[in-house]
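Below is input38.txt, which holds compact mmCIF, C-alpha atoms and all ligand atoms.
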```txt
# COMPACT_ATOMS: atom_id res chain seq x y z
CA MET A 1 -22.70 29.73 25.60
CA LYS A 2 -21.60 33.18 24.49
CA ILE A 3 -19.67 35.25 27.04
CA ILE A 4 -19.91 39.02 26.63
CA THR A 5 -17.94 41.46 28.76
CA HIS A 6 -18.88 44.81 27.23
CA ALA A 7 -22.24 46.47 27.79
CA LEU A 8 -22.47 47.96 24.29
CA GLU A 9 -21.65 44.61 22.68
CA LEU A 10 -24.51 42.99 24.60
CA LYS A 11 -26.83 45.87 23.72
CA GLU A 12 -26.00 45.34 20.04
CA PHE A 13 -26.57 41.59 20.38
CA THR A 14 -30.01 41.95 22.03
CA LYS A 15 -31.06 44.64 19.52
CA ASN A 16 -30.70 42.17 16.70
CA ILE A 17 -32.45 39.11 18.12
CA ASN A 18 -36.11 38.90 17.40
CA LYS A 19 -36.87 36.52 20.25
CA THR A 20 -38.23 36.60 23.78
CA VAL A 21 -35.40 37.20 26.24
CA GLY A 22 -35.37 36.04 29.87
CA PHE A 23 -32.84 37.80 32.06
CA VAL A 24 -31.40 36.64 35.39
CA PRO A 25 -29.19 39.27 37.06
CA THR A 26 -26.84 37.91 39.75
CA MET A 27 -23.74 38.82 41.73
CA GLY A 28 -22.21 35.39 41.15
CA ALA A 29 -21.44 32.61 43.68
CA LEU A 30 -24.35 30.82 42.04
CA HIS A 31 -26.36 28.22 43.98
CA GLU A 32 -29.57 26.22 43.53
CA GLY A 33 -31.61 29.39 44.08
CA HIS A 34 -30.03 31.02 41.02
CA ILE A 35 -30.39 27.80 39.04
CA SER A 36 -34.13 27.80 39.74
CA LEU A 37 -34.34 31.36 38.35
CA ILE A 38 -32.46 30.25 35.23
CA LYS A 39 -34.68 27.17 34.79
CA ARG A 40 -37.81 29.30 35.04
CA ALA A 41 -36.36 31.76 32.52
CA LYS A 42 -35.50 28.88 30.17
CA LYS A 43 -39.08 27.61 30.36
CA GLU A 44 -40.63 30.98 29.57
CA ASN A 45 -38.27 32.52 26.96
CA GLU A 46 -36.47 31.67 23.74
CA ILE A 47 -33.13 33.16 24.86
CA VAL A 48 -31.74 33.36 28.41
CA ILE A 49 -29.15 35.88 29.49
CA VAL A 50 -27.48 35.75 32.92
CA SER A 51 -25.34 38.57 34.29
CA ILE A 52 -22.65 38.17 36.92
CA PHE A 53 -21.63 41.50 38.37
CA LEU A 54 -20.59 42.13 41.96
CA ASN A 55 -22.11 45.56 42.14
CA PRO A 56 -19.97 47.78 44.41
CA THR A 57 -22.57 50.55 44.81
CA GLN A 58 -25.01 48.39 46.78
CA PHE A 59 -22.46 47.63 49.52
CA LEU A 60 -22.07 50.14 52.32
CA LYS A 61 -18.69 51.04 53.83
CA GLY A 62 -17.52 48.21 56.09
CA GLU A 63 -19.80 45.62 54.48
CA ASP A 64 -18.61 42.39 52.86
CA LEU A 65 -17.79 43.60 49.31
CA ASP A 66 -14.15 42.48 49.62
CA LYS A 67 -14.91 39.07 51.04
CA TYR A 68 -18.07 38.34 49.01
CA PRO A 69 -17.58 34.82 47.56
CA LYS A 70 -16.19 34.82 44.01
CA LYS A 71 -16.52 31.63 41.98
CA ASP A 72 -16.13 32.78 38.39
CA GLU A 73 -15.08 29.46 36.86
CA ALA A 74 -17.68 27.40 38.78
CA ASP A 75 -20.34 29.99 37.87
CA LYS A 76 -19.50 29.72 34.16
CA LYS A 77 -19.82 25.90 34.38
CA ILE A 78 -23.19 26.19 36.14
CA CYS A 79 -24.48 28.54 33.43
CA GLU A 80 -23.19 26.27 30.67
CA LEU A 81 -24.86 23.22 32.25
CA ALA A 82 -28.09 25.19 32.62
CA ASN A 83 -27.99 25.99 28.86
CA VAL A 84 -27.71 29.72 29.35
CA ASP A 85 -27.37 31.40 25.95
CA VAL A 86 -25.40 34.48 26.97
CA LEU A 87 -23.37 35.19 30.09
CA PHE A 88 -22.74 38.89 30.69
CA PHE A 89 -19.62 39.40 32.77
CA PRO A 90 -18.94 43.15 32.75
CA HIS A 91 -16.02 44.97 34.36
CA ALA A 92 -16.88 47.64 36.94
CA LYS A 93 -15.29 50.26 34.61
CA ASP A 94 -17.75 49.32 31.89
CA MET A 95 -20.71 49.76 34.23
CA TYR A 96 -19.72 52.92 36.11
CA SER A 97 -17.82 56.13 35.42
CA ASP A 98 -16.53 58.78 37.86
CA ASP A 99 -19.51 61.10 37.60
CA GLU A 100 -22.67 59.05 37.76
CA ALA A 101 -26.41 59.59 37.65
CA THR A 102 -28.15 57.49 40.32
CA VAL A 103 -31.59 56.05 40.87
CA LEU A 104 -32.82 57.06 44.34
CA ALA A 105 -34.89 54.50 46.21
CA PRO A 106 -38.31 55.77 47.32
CA LYS A 107 -38.10 57.67 50.62
CA VAL A 108 -40.42 55.40 52.58
CA ARG A 109 -40.28 51.89 51.15
CA GLY A 110 -36.55 52.20 50.34
CA TYR A 111 -35.60 53.13 53.91
CA ILE A 112 -37.54 50.70 56.08
CA LEU A 113 -36.43 47.18 57.10
CA GLU A 114 -33.37 46.27 54.97
CA GLY A 115 -33.16 49.93 53.93
CA ALA A 116 -33.04 51.00 57.60
CA THR A 117 -30.15 48.66 58.47
CA ARG A 118 -28.40 49.42 55.15
CA PRO A 119 -29.26 53.04 54.27
CA ALA A 120 -28.77 53.81 50.54
CA HIS A 121 -28.25 50.10 49.77
CA PHE A 122 -31.31 50.17 47.51
CA ASN A 123 -30.02 53.20 45.57
CA GLY A 124 -27.15 50.97 44.46
CA VAL A 125 -29.43 48.01 43.69
CA LEU A 126 -31.94 50.07 41.70
CA THR A 127 -29.22 51.91 39.78
CA VAL A 128 -27.46 48.73 38.66
CA VAL A 129 -30.75 46.96 37.86
CA MET A 130 -31.85 49.95 35.76
CA LYS A 131 -28.52 49.82 33.90
CA LEU A 132 -28.73 46.05 33.37
CA LEU A 133 -32.34 46.16 32.18
CA ASN A 134 -31.46 48.94 29.73
CA ILE A 135 -28.49 46.96 28.41
CA VAL A 136 -30.38 43.67 28.02
CA SER A 137 -33.91 44.94 27.21
CA PRO A 138 -35.38 41.61 28.32
CA THR A 139 -38.96 40.47 27.87
CA ASN A 140 -38.94 39.01 31.41
CA ALA A 141 -36.52 39.49 34.33
CA TYR A 142 -36.33 36.98 37.19
CA PHE A 143 -35.78 37.80 40.87
CA GLY A 144 -35.98 35.65 44.00
CA LYS A 145 -38.69 36.18 46.60
CA LYS A 146 -36.05 35.82 49.34
CA ASP A 147 -35.00 39.42 48.66
CA ALA A 148 -38.61 40.49 48.94
CA GLN A 149 -37.99 44.20 49.50
CA GLN A 150 -35.55 44.35 46.58
CA LEU A 151 -38.16 42.61 44.42
CA ALA A 152 -40.90 45.03 45.53
CA LEU A 153 -38.72 48.09 44.82
CA ILE A 154 -37.63 46.80 41.41
CA SER A 155 -41.28 46.12 40.50
CA LEU A 156 -42.06 49.66 41.67
CA ILE A 157 -39.40 51.40 39.54
CA VAL A 158 -40.35 49.34 36.50
CA LYS A 159 -43.90 50.62 36.95
CA GLN A 160 -42.97 54.19 37.90
CA PHE A 161 -40.41 54.60 35.09
CA PHE A 162 -42.83 53.04 32.56
CA MET A 163 -40.39 50.29 31.62
CA SER A 164 -41.73 47.46 29.48
CA VAL A 165 -40.03 44.45 31.12
CA THR A 166 -42.13 41.97 33.13
CA ILE A 167 -40.71 41.22 36.57
CA VAL A 168 -41.14 37.58 37.57
CA ALA A 169 -40.97 36.59 41.27
CA VAL A 170 -39.53 33.12 41.93
CA ASP A 171 -39.98 31.08 45.12
CA THR A 172 -37.10 30.78 47.61
CA MET A 173 -35.06 27.59 47.42
CA ARG A 174 -34.23 25.97 50.77
CA GLU A 175 -31.72 23.45 52.03
CA LYS A 176 -33.29 20.17 53.25
CA ASP A 177 -33.32 21.48 56.84
CA GLY A 178 -35.15 24.70 55.86
CA LEU A 179 -32.31 27.24 55.63
CA ALA A 180 -32.97 29.63 52.75
CA MET A 181 -30.23 29.37 50.11
CA SER A 182 -27.94 32.37 49.97
CA SER A 183 -24.45 33.09 48.67
CA ARG A 184 -23.68 34.41 52.17
CA ASN A 185 -24.36 31.03 53.85
CA VAL A 186 -20.70 30.12 53.18
CA TYR A 187 -19.73 32.60 55.92
CA LEU A 188 -21.42 30.44 58.59
CA SER A 189 -19.43 28.09 60.84
CA GLN A 190 -20.98 24.69 61.60
CA GLU A 191 -22.30 25.99 64.91
CA GLU A 192 -23.70 29.17 63.29
CA ARG A 193 -25.28 27.09 60.53
CA LYS A 194 -27.34 25.31 63.24
CA GLU A 195 -28.24 28.59 64.94
CA ALA A 196 -29.35 30.01 61.58
CA LEU A 197 -32.15 27.43 61.43
CA LYS A 198 -33.98 29.53 64.03
CA ILE A 199 -34.79 31.94 61.21
CA SER A 200 -36.70 29.47 59.02
CA ALA A 201 -38.16 27.88 62.19
CA SER A 202 -39.63 31.26 63.22
CA LEU A 203 -41.26 31.57 59.80
CA TYR A 204 -42.66 28.02 59.90
CA LEU A 205 -44.12 28.89 63.30
CA ALA A 206 -45.72 32.02 61.83
CA GLY A 207 -47.19 29.94 58.99
CA LYS A 208 -48.56 27.44 61.50
CA MET A 209 -50.17 30.21 63.59
CA VAL A 210 -51.81 31.65 60.49
CA SER A 211 -53.10 28.18 59.52
CA LYS A 212 -54.76 28.10 62.97
CA ASN A 213 -56.39 31.43 62.14
CA ILE A 214 -54.18 33.50 64.47
CA LEU A 215 -53.87 36.55 62.26
CA ASP A 216 -52.84 39.28 64.72
CA ALA A 217 -49.47 40.61 63.56
CA GLN A 218 -48.15 41.52 67.03
CA GLU A 219 -49.04 38.10 68.43
CA ILE A 220 -47.23 36.37 65.56
CA ILE A 221 -44.18 38.66 65.85
CA LYS A 222 -43.95 38.06 69.63
CA ASN A 223 -43.84 34.28 69.11
CA MET A 224 -41.36 34.57 66.25
CA ARG A 225 -39.04 36.69 68.39
CA ALA A 226 -39.13 34.03 71.12
CA THR A 227 -38.14 31.37 68.56
CA LEU A 228 -35.32 33.56 67.22
CA ALA A 229 -33.76 34.23 70.65
CA PRO A 230 -30.88 34.68 71.37
CA LEU A 231 -30.06 35.77 67.79
CA GLU A 232 -29.54 39.50 67.27
CA ILE A 233 -32.70 40.47 65.40
CA SER A 234 -32.59 43.39 62.95
CA TYR A 235 -36.33 43.15 62.30
CA VAL A 236 -39.33 40.88 62.30
CA GLU A 237 -42.12 42.54 60.35
CA ILE A 238 -45.38 41.81 58.62
CA VAL A 239 -46.21 43.80 55.50
CA ASN A 240 -48.57 43.63 52.57
CA ARG A 241 -47.37 43.07 49.00
CA ASP A 242 -46.87 46.86 48.66
CA PHE A 243 -44.53 46.74 51.64
CA GLU A 244 -46.83 48.62 53.99
CA LYS A 245 -46.91 47.47 57.62
CA VAL A 246 -50.11 45.61 58.50
CA TRP A 247 -51.80 44.75 61.80
CA HIS A 248 -53.49 41.60 60.56
CA VAL A 249 -52.41 38.89 58.17
CA GLU A 250 -54.52 38.92 55.03
CA ILE A 251 -54.09 35.66 53.13
CA GLY A 252 -52.94 36.35 49.57
CA ASN A 253 -51.53 39.78 50.45
CA THR A 254 -48.99 39.30 53.25
CA ILE A 255 -45.24 38.83 53.58
CA ILE A 256 -43.64 37.99 56.94
CA LEU A 257 -39.98 39.01 57.02
CA VAL A 258 -37.03 38.37 59.28
CA GLU A 259 -33.49 39.66 59.29
CA ALA A 260 -31.17 38.38 62.00
CA LYS A 261 -27.46 38.28 62.63
CA VAL A 262 -25.83 34.88 63.05
CA GLY A 263 -22.26 35.46 64.21
CA THR A 264 -21.27 38.36 61.98
CA THR A 265 -23.51 37.33 59.08
CA ARG A 266 -26.85 39.02 58.50
CA LEU A 267 -29.40 36.63 57.02
CA LEU A 268 -32.76 37.40 55.45
CA ASP A 269 -35.75 35.17 55.02
CA ASN A 270 -39.51 35.51 54.58
CA ILE A 271 -42.73 33.72 53.76
CA TRP A 272 -45.46 34.90 51.43
CA LEU A 273 -48.97 34.14 52.62
O1 LIG A 301 -30.00 40.09 44.25
C1 LIG A 301 -28.89 40.29 43.75
O2 LIG A 301 -28.08 39.36 43.52
C2 LIG A 301 -28.46 41.70 43.43
O3 LIG A 301 -28.96 42.60 44.36
C3 LIG A 301 -28.80 42.14 42.00
C4 LIG A 301 -30.30 42.16 41.77
C5 LIG A 301 -28.15 41.20 41.00
C6 LIG A 301 -28.27 43.55 41.74
O4 LIG A 301 -26.90 43.63 41.91
```
Spit out the file's structure as C-alpha cells when you get a sec.
Ligand code: PAF
Amino acid sequence: MKIITHALELKEFTKNINKTVGFVPTMGALHEGHISLIKRAKKENEIVIVSIFLNPTQFLKGEDLDKYPKKDEADKKICELANVDVLFFPHAKDMYSDDEATVLAPKVRGYILEGATRPAHFNGVLTVVMKLLNIVSPTNAYFGKKDAQQLALISLIVKQFFMSVTIVAVDTMREKDGLAMSSRNVYLSQEERKEALKISASLYLAGKMVSKNILDAQEIIKNMRATLAPLEISYVEIVNRDFEKVWHVEIGNTIILVEAKVGTTRLLDNIWL
C-alpha cells in the first residue's frame, strides 16, 4: 500500500493511472462501516484510494474535534488488510491556507435537520469533499447512507457543479444489537450504549408500521418519539430522497431520520424505505 501525504503528489499519481479509481474519504477511526465502503470500492474499481483527514472546518466551536478518536496506526493496518492501493494522509496545512475559498451548502437543504443543529457544518463537509474529489479525480466515490443528509448534499453539488464522479451510496453497517456503527460510539458508557439502542429500535418500529401500511408521517413520528423517550431528541423527520419533508411515506422514495443525544454524544441513524 502506497502512503501519500501531499495533495499534489496524489494528483500527479492519479493523473498518470489509466484505470478506474474508487475513492473512500474518511476521518479515520475506521470501523466495519468504513471497511464495507472499501470492499464495495474494491469490487467496482481497479484502484482504491482511501483518505484519512480529520477535517477541522466541519466541526463547530465547542464540538468534539479535539477528542475525536485518532487511531492512525490501526487505520493503516485496516487499509493494508483491505488491500487499499493508496492511503492519502494529508496534513491540515496541505489542505487549507489562511485565506480560503469555501463551498456554501444550499440555503434550505444545508440548514435543516443536521444543518439546523450544526449550522455551517455542511459548508466544511462540502468544501473538503470538493477538494478531495479534485485531488483524487475518482471514477466512483463511496459514502455511507448513515450520513444521509451529507450524502444527499454531496450528490447535489456533484450534479450542480457538473462534476464527473459517480457517488455511490452504501448501506449502514450495524452492531448485532442494531446500533448503527459510528466512530463516535466509543464515547458511550456501557449504560449509554444500552440507551442508544432506542434509536435503532425507533427506526425498526417505523419500518414495522410502514409494513402494516401505516404511512402517515405524523403518526409514525409520534410513535418513534415515544420509543426514544427519555432521550433528548434533536429531530425525528421523514423526507424524500431529495430531502424534502413529506406527509406520507412513499415506498422507494423515503428516508426516516433520527438524531438524539445519548449522554453528551449526538447519534444519527436512519432507514431508507
Ligand atoms: O463522513 C465523513 O467521515 C466526513 O464527513 C467526510 C465525508 C470524510 C468529510 O470530511
What's the 10 Å shell around stretch 232-249 of chain A, counting only C-alpha atoms, without same-chain residues fewer than 3 positions away, as a PDB file with C-alpha atoms, in the coordinates of the input?
```
ATOM      1  CA  VAL A 108     -40.420  55.400  52.580  1.00  0.00           C
ATOM      2  CA  ARG A 109     -40.280  51.890  51.150  1.00  0.00           C
ATOM      3  CA  GLY A 110     -36.550  52.200  50.340  1.00  0.00           C
ATOM      4  CA  ILE A 112     -37.540  50.700  56.080  1.00  0.00           C
ATOM      5  CA  LEU A 113     -36.430  47.180  57.100  1.00  0.00           C
ATOM      6  CA  GLU A 114     -33.370  46.270  54.970  1.00  0.00           C
ATOM      7  CA  ALA A 116     -33.040  51.000  57.600  1.00  0.00           C
ATOM      8  CA  THR A 117     -30.150  48.660  58.470  1.00  0.00           C
ATOM      9  CA  ALA A 148     -38.610  40.490  48.940  1.00  0.00           C
ATOM     10  CA  GLN A 149     -37.990  44.200  49.500  1.00  0.00           C
ATOM     11  CA  ALA A 152     -40.900  45.030  45.530  1.00  0.00           C
ATOM     12  CA  LEU A 153     -38.720  48.090  44.820  1.00  0.00           C
ATOM     13  CA  SER A 155     -41.280  46.120  40.500  1.00  0.00           C
ATOM     14  CA  LEU A 156     -42.060  49.660  41.670  1.00  0.00           C
ATOM     15  CA  ILE A 199     -34.790  31.940  61.210  1.00  0.00           C
ATOM     16  CA  SER A 202     -39.630  31.260  63.220  1.00  0.00           C
ATOM     17  CA  LEU A 203     -41.260  31.570  59.800  1.00  0.00           C
ATOM     18  CA  VAL A 210     -51.810  31.650  60.490  1.00  0.00           C
ATOM     19  CA  ASN A 213     -56.390  31.430  62.140  1.00  0.00           C
ATOM     20  CA  ILE A 214     -54.180  33.500  64.470  1.00  0.00           C
ATOM     21  CA  LEU A 215     -53.870  36.550  62.260  1.00  0.00           C
ATOM     22  CA  ASP A 216     -52.840  39.280  64.720  1.00  0.00           C
ATOM     23  CA  ALA A 217     -49.470  40.610  63.560  1.00  0.00           C
ATOM     24  CA  GLN A 218     -48.150  41.520  67.030  1.00  0.00           C
ATOM     25  CA  GLU A 219     -49.040  38.100  68.430  1.00  0.00           C
ATOM     26  CA  ILE A 220     -47.230  36.370  65.560  1.00  0.00           C
ATOM     27  CA  ILE A 221     -44.180  38.660  65.850  1.00  0.00           C
ATOM     28  CA  LYS A 222     -43.950  38.060  69.630  1.00  0.00           C
ATOM     29  CA  MET A 224     -41.360  34.570  66.250  1.00  0.00           C
ATOM     30  CA  ARG A 225     -39.040  36.690  68.390  1.00  0.00           C
ATOM     31  CA  LEU A 228     -35.320  33.560  67.220  1.00  0.00           C
ATOM     32  CA  ALA A 229     -33.760  34.230  70.650  1.00  0.00           C
ATOM     33  CA  GLY A 252     -52.940  36.350  49.570  1.00  0.00           C
ATOM     34  CA  ASN A 253     -51.530  39.780  50.450  1.00  0.00           C
ATOM     35  CA  THR A 254     -48.990  39.300  53.250  1.00  0.00           C
ATOM     36  CA  ILE A 255     -45.240  38.830  53.580  1.00  0.00           C
ATOM     37  CA  ILE A 256     -43.640  37.990  56.940  1.00  0.00           C
ATOM     38  CA  LEU A 257     -39.980  39.010  57.020  1.00  0.00           C
ATOM     39  CA  VAL A 258     -37.030  38.370  59.280  1.00  0.00           C
ATOM     40  CA  GLU A 259     -33.490  39.660  59.290  1.00  0.00           C
ATOM     41  CA  ALA A 260     -31.170  38.380  62.000  1.00  0.00           C
ATOM     42  CA  LYS A 261     -27.460  38.280  62.630  1.00  0.00           C
ATOM     43  CA  VAL A 262     -25.830  34.880  63.050  1.00  0.00           C
ATOM     44  CA  GLY A 263     -22.260  35.460  64.210  1.00  0.00           C
ATOM     45  CA  THR A 264     -21.270  38.360  61.980  1.00  0.00           C
ATOM     46  CA  ARG A 266     -26.850  39.020  58.500  1.00  0.00           C
ATOM     47  CA  LEU A 267     -29.400  36.630  57.020  1.00  0.00           C
ATOM     48  CA  LEU A 268     -32.760  37.400  55.450  1.00  0.00           C
ATOM     49  CA  ASP A 269     -35.750  35.170  55.020  1.00  0.00           C
ATOM     50  CA  ASN A 270     -39.510  35.510  54.580  1.00  0.00           C
ATOM     51  CA  ILE A 271     -42.730  33.720  53.760  1.00  0.00           C
ATOM     52  CA  TRP A 272     -45.460  34.900  51.430  1.00  0.00           C
ATOM     53  CA  LEU A 273     -48.970  34.140  52.620  1.00  0.00           C
TER      54      LEU A 273
END
```
As lines of an AutoDock Vina configuration file, please report the centre and edge lengths, rounded to one decimal in Å, of the axis-aligned box that holds all listed atoms of ligand LIG 301 (chain A) with 5 Å of padding on each of the six sides.
```
center_x = -28.6
center_y = 41.5
center_z = 42.7
size_x = 13.4
size_y = 14.3
size_z = 13.4
```
Next item on the list: Would you list the residues that come within 8 Å of ligand LIG 301 (chain A)? Count only C-alpha atoms and all ligand atoms and give the answer as a list in words.
Entry: Val24, Pro25, Thr26, Met27, Gly28, Ser51, Ile52, Phe53, Leu54, Asn55, Gln58, Gly124, Val125, Leu126, Val128, Val129, Phe143, Gly144, Asp147 and Gln150 of chain A
Expected file: the selected residues, C-alpha atoms, as a CSV table (one decimal), in the frame of the given file:
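Okay, again_21.csv is ready:
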```csv
chain,number,residue,atom,x,y,z
A,24,VAL,CA,-31.4,36.6,35.4
A,25,PRO,CA,-29.2,39.3,37.1
A,26,THR,CA,-26.8,37.9,39.8
A,27,MET,CA,-23.7,38.8,41.7
A,28,GLY,CA,-22.2,35.4,41.2
A,51,SER,CA,-25.3,38.6,34.3
A,52,ILE,CA,-22.6,38.2,36.9
A,53,PHE,CA,-21.6,41.5,38.4
A,54,LEU,CA,-20.6,42.1,42.0
A,55,ASN,CA,-22.1,45.6,42.1
A,58,GLN,CA,-25.0,48.4,46.8
A,124,GLY,CA,-27.2,51.0,44.5
A,125,VAL,CA,-29.4,48.0,43.7
A,126,LEU,CA,-31.9,50.1,41.7
A,128,VAL,CA,-27.5,48.7,38.7
A,129,VAL,CA,-30.8,47.0,37.9
A,143,PHE,CA,-35.8,37.8,40.9
A,144,GLY,CA,-36.0,35.6,44.0
A,147,ASP,CA,-35.0,39.4,48.7
A,150,GLN,CA,-35.6,44.4,46.6
```
Go through stretch 125-241 of chain A and flag each residue having an atom no more than 12 Å from stretch 71-94 of chain A; for those, report the closest pair of atoms plus their distance in Å to one decimal, using all atoms listed in the file, ordered by chain and rising number, as a Markdown table.
```
| residue | atom | partner | partner_atom | distance |
| --- | --- | --- | --- | --- |
| A:Val128 | CA | A:Ala92 | CA | 10.8 |
| A:Lys131 | CA | A:Asp94 | CA | 11.0 |
| A:Leu132 | CA | A:Phe88 | CA | 9.7 |
| A:Ile135 | CA | A:Phe88 | CA | 10.2 |
| A:Val136 | CA | A:Phe88 | CA | 9.4 |
| A:Ser183 | CA | A:Lys71 | CA | 10.5 |
```
Next item on the list: One decimal, Å: what's the distance from atom CA of A:Glu175 over to atom CA of A:Lys212, could you say?
Entry: 25.9 Å
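Atom pair atom CA of A:Val50 / atom CA of A:Gly62: separated by 28.1 Å.
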Checklist line | Atom pair atom CA of A:Ile35 / atom CA of A:Tyr142: separation (Å) | finding: 11.1 Å
Item checked: Residue neighbourhood A:Asn18, 12 Å, only C-alpha atoms, exclusion window fewer than 5 positions, as a list in words ->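 The neighbour list is Phe13, Asn45, Glu46, Ile47, Ser137, Pro138 and Thr139 of chain A.
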Could you save the residues just selected, with C-alpha atoms, as a JSON list (two decimals), in the frame of the given file?
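out18.json written:
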```
[["chain", "number", "residue", "atom", "x", "y", "z"],
["A", 13, "PHE", "CA", -26.57, 41.59, 20.38],
["A", 45, "ASN", "CA", -38.27, 32.52, 26.96],
["A", 46, "GLU", "CA", -36.47, 31.67, 23.74],
["A", 47, "ILE", "CA", -33.13, 33.16, 24.86],
["A", 137, "SER", "CA", -33.91, 44.94, 27.21],
["A", 138, "PRO", "CA", -35.38, 41.61, 28.32],
["A", 139, "THR", "CA", -38.96, 40.47, 27.87]]
```
Please build the interface table for stretch 67-114 of chain A against stretch 185-195 of chain A with a cut-off of 10 Å, listing for each qualifying residue the nearest atom pair and the distance in Å to one decimal; count only C-alpha atoms, order rows by chain and increasing number, and write it as JSON lines.
```
{"residue": "A:Lys67", "atom": "CA", "partner": "A:Tyr187", "partner_atom": "CA", "distance": 9.4}
{"residue": "A:Tyr68", "atom": "CA", "partner": "A:Tyr187", "partner_atom": "CA", "distance": 9.1}
{"residue": "A:Pro69", "atom": "CA", "partner": "A:Val186", "partner_atom": "CA", "distance": 8.0}
```
Emit a file covering stretch 57-63 of chain A of the preceding structure with all heavy atoms, as a PDB file, in the first residue's frame.
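out_12.pdb, freshly written:
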```pdb
ATOM      1  N   THR A  57     -12.728  22.019   9.464  1.00  0.00           N
ATOM      2  CA  THR A  57     -13.738  23.026   9.105  1.00  0.00           C
ATOM      3  C   THR A  57     -15.175  22.514   9.245  1.00  0.00           C
ATOM      4  O   THR A  57     -16.110  23.309   9.176  1.00  0.00           O
ATOM      5  CB  THR A  57     -13.533  23.557   7.674  1.00  0.00           C
ATOM      6  OG1 THR A  57     -13.740  22.472   6.759  1.00  0.00           O
ATOM      7  CG2 THR A  57     -12.150  24.134   7.474  1.00  0.00           C
ATOM      8  N   GLN A  58     -15.365  21.208   9.439  1.00  0.00           N
ATOM      9  CA  GLN A  58     -16.739  20.729   9.587  1.00  0.00           C
ATOM     10  C   GLN A  58     -17.156  20.583  11.049  1.00  0.00           C
ATOM     11  O   GLN A  58     -18.261  20.156  11.344  1.00  0.00           O
ATOM     12  CB  GLN A  58     -16.964  19.428   8.817  1.00  0.00           C
ATOM     13  CG  GLN A  58     -16.245  18.211   9.353  1.00  0.00           C
ATOM     14  CD  GLN A  58     -16.349  17.032   8.394  1.00  0.00           C
ATOM     15  OE1 GLN A  58     -15.694  16.988   7.366  1.00  0.00           O
ATOM     16  NE2 GLN A  58     -17.202  16.075   8.714  1.00  0.00           N
ATOM     17  N   PHE A  59     -16.230  20.947  11.963  1.00  0.00           N
ATOM     18  CA  PHE A  59     -16.562  20.938  13.392  1.00  0.00           C
ATOM     19  C   PHE A  59     -16.857  22.366  13.808  1.00  0.00           C
ATOM     20  O   PHE A  59     -16.102  23.292  13.482  1.00  0.00           O
ATOM     21  CB  PHE A  59     -15.378  20.412  14.210  1.00  0.00           C
ATOM     22  CG  PHE A  59     -15.142  18.926  14.047  1.00  0.00           C
ATOM     23  CD1 PHE A  59     -14.458  18.447  12.933  1.00  0.00           C
ATOM     24  CD2 PHE A  59     -15.597  18.026  14.995  1.00  0.00           C
ATOM     25  CE1 PHE A  59     -14.231  17.083  12.773  1.00  0.00           C
ATOM     26  CE2 PHE A  59     -15.381  16.657  14.838  1.00  0.00           C
ATOM     27  CZ  PHE A  59     -14.700  16.189  13.730  1.00  0.00           C
ATOM     28  N   LEU A  60     -17.940  22.539  14.577  1.00  0.00           N
ATOM     29  CA  LEU A  60     -18.256  23.870  15.082  1.00  0.00           C
ATOM     30  C   LEU A  60     -17.490  24.089  16.387  1.00  0.00           C
ATOM     31  O   LEU A  60     -17.032  23.124  17.006  1.00  0.00           O
ATOM     32  CB  LEU A  60     -19.761  23.980  15.340  1.00  0.00           C
ATOM     33  CG  LEU A  60     -20.603  24.403  14.138  1.00  0.00           C
ATOM     34  CD1 LEU A  60     -20.513  23.394  13.016  1.00  0.00           C
ATOM     35  CD2 LEU A  60     -22.050  24.563  14.543  1.00  0.00           C
ATOM     36  N   LYS A  61     -17.415  25.358  16.794  1.00  0.00           N
ATOM     37  CA  LYS A  61     -16.757  25.672  18.083  1.00  0.00           C
ATOM     38  C   LYS A  61     -17.415  24.854  19.191  1.00  0.00           C
ATOM     39  O   LYS A  61     -18.643  24.763  19.240  1.00  0.00           O
ATOM     40  CB  LYS A  61     -16.949  27.169  18.391  1.00  0.00           C
ATOM     41  CG  LYS A  61     -15.776  27.992  18.036  1.00  0.00           C
ATOM     42  CD  LYS A  61     -15.688  29.261  18.907  1.00  0.00           C
ATOM     43  CE  LYS A  61     -14.502  30.068  18.460  1.00  0.00           C
ATOM     44  NZ  LYS A  61     -14.873  31.155  17.550  1.00  0.00           N
ATOM     45  N   GLY A  62     -16.620  24.259  20.062  1.00  0.00           N
ATOM     46  CA  GLY A  62     -17.181  23.517  21.198  1.00  0.00           C
ATOM     47  C   GLY A  62     -17.541  22.086  20.850  1.00  0.00           C
ATOM     48  O   GLY A  62     -17.971  21.336  21.728  1.00  0.00           O
ATOM     49  N   GLU A  63     -17.423  21.692  19.578  1.00  0.00           N
ATOM     50  CA  GLU A  63     -17.690  20.293  19.232  1.00  0.00           C
ATOM     51  C   GLU A  63     -16.456  19.430  19.541  1.00  0.00           C
ATOM     52  O   GLU A  63     -15.474  19.918  20.091  1.00  0.00           O
ATOM     53  CB  GLU A  63     -18.110  20.190  17.761  1.00  0.00           C
ATOM     54  CG  GLU A  63     -19.518  20.730  17.544  1.00  0.00           C
ATOM     55  CD  GLU A  63     -20.085  20.432  16.156  1.00  0.00           C
ATOM     56  OE1 GLU A  63     -19.311  20.093  15.225  1.00  0.00           O
ATOM     57  OE2 GLU A  63     -21.300  20.557  15.989  1.00  0.00           O
TER      58      GLU A  63
END
```
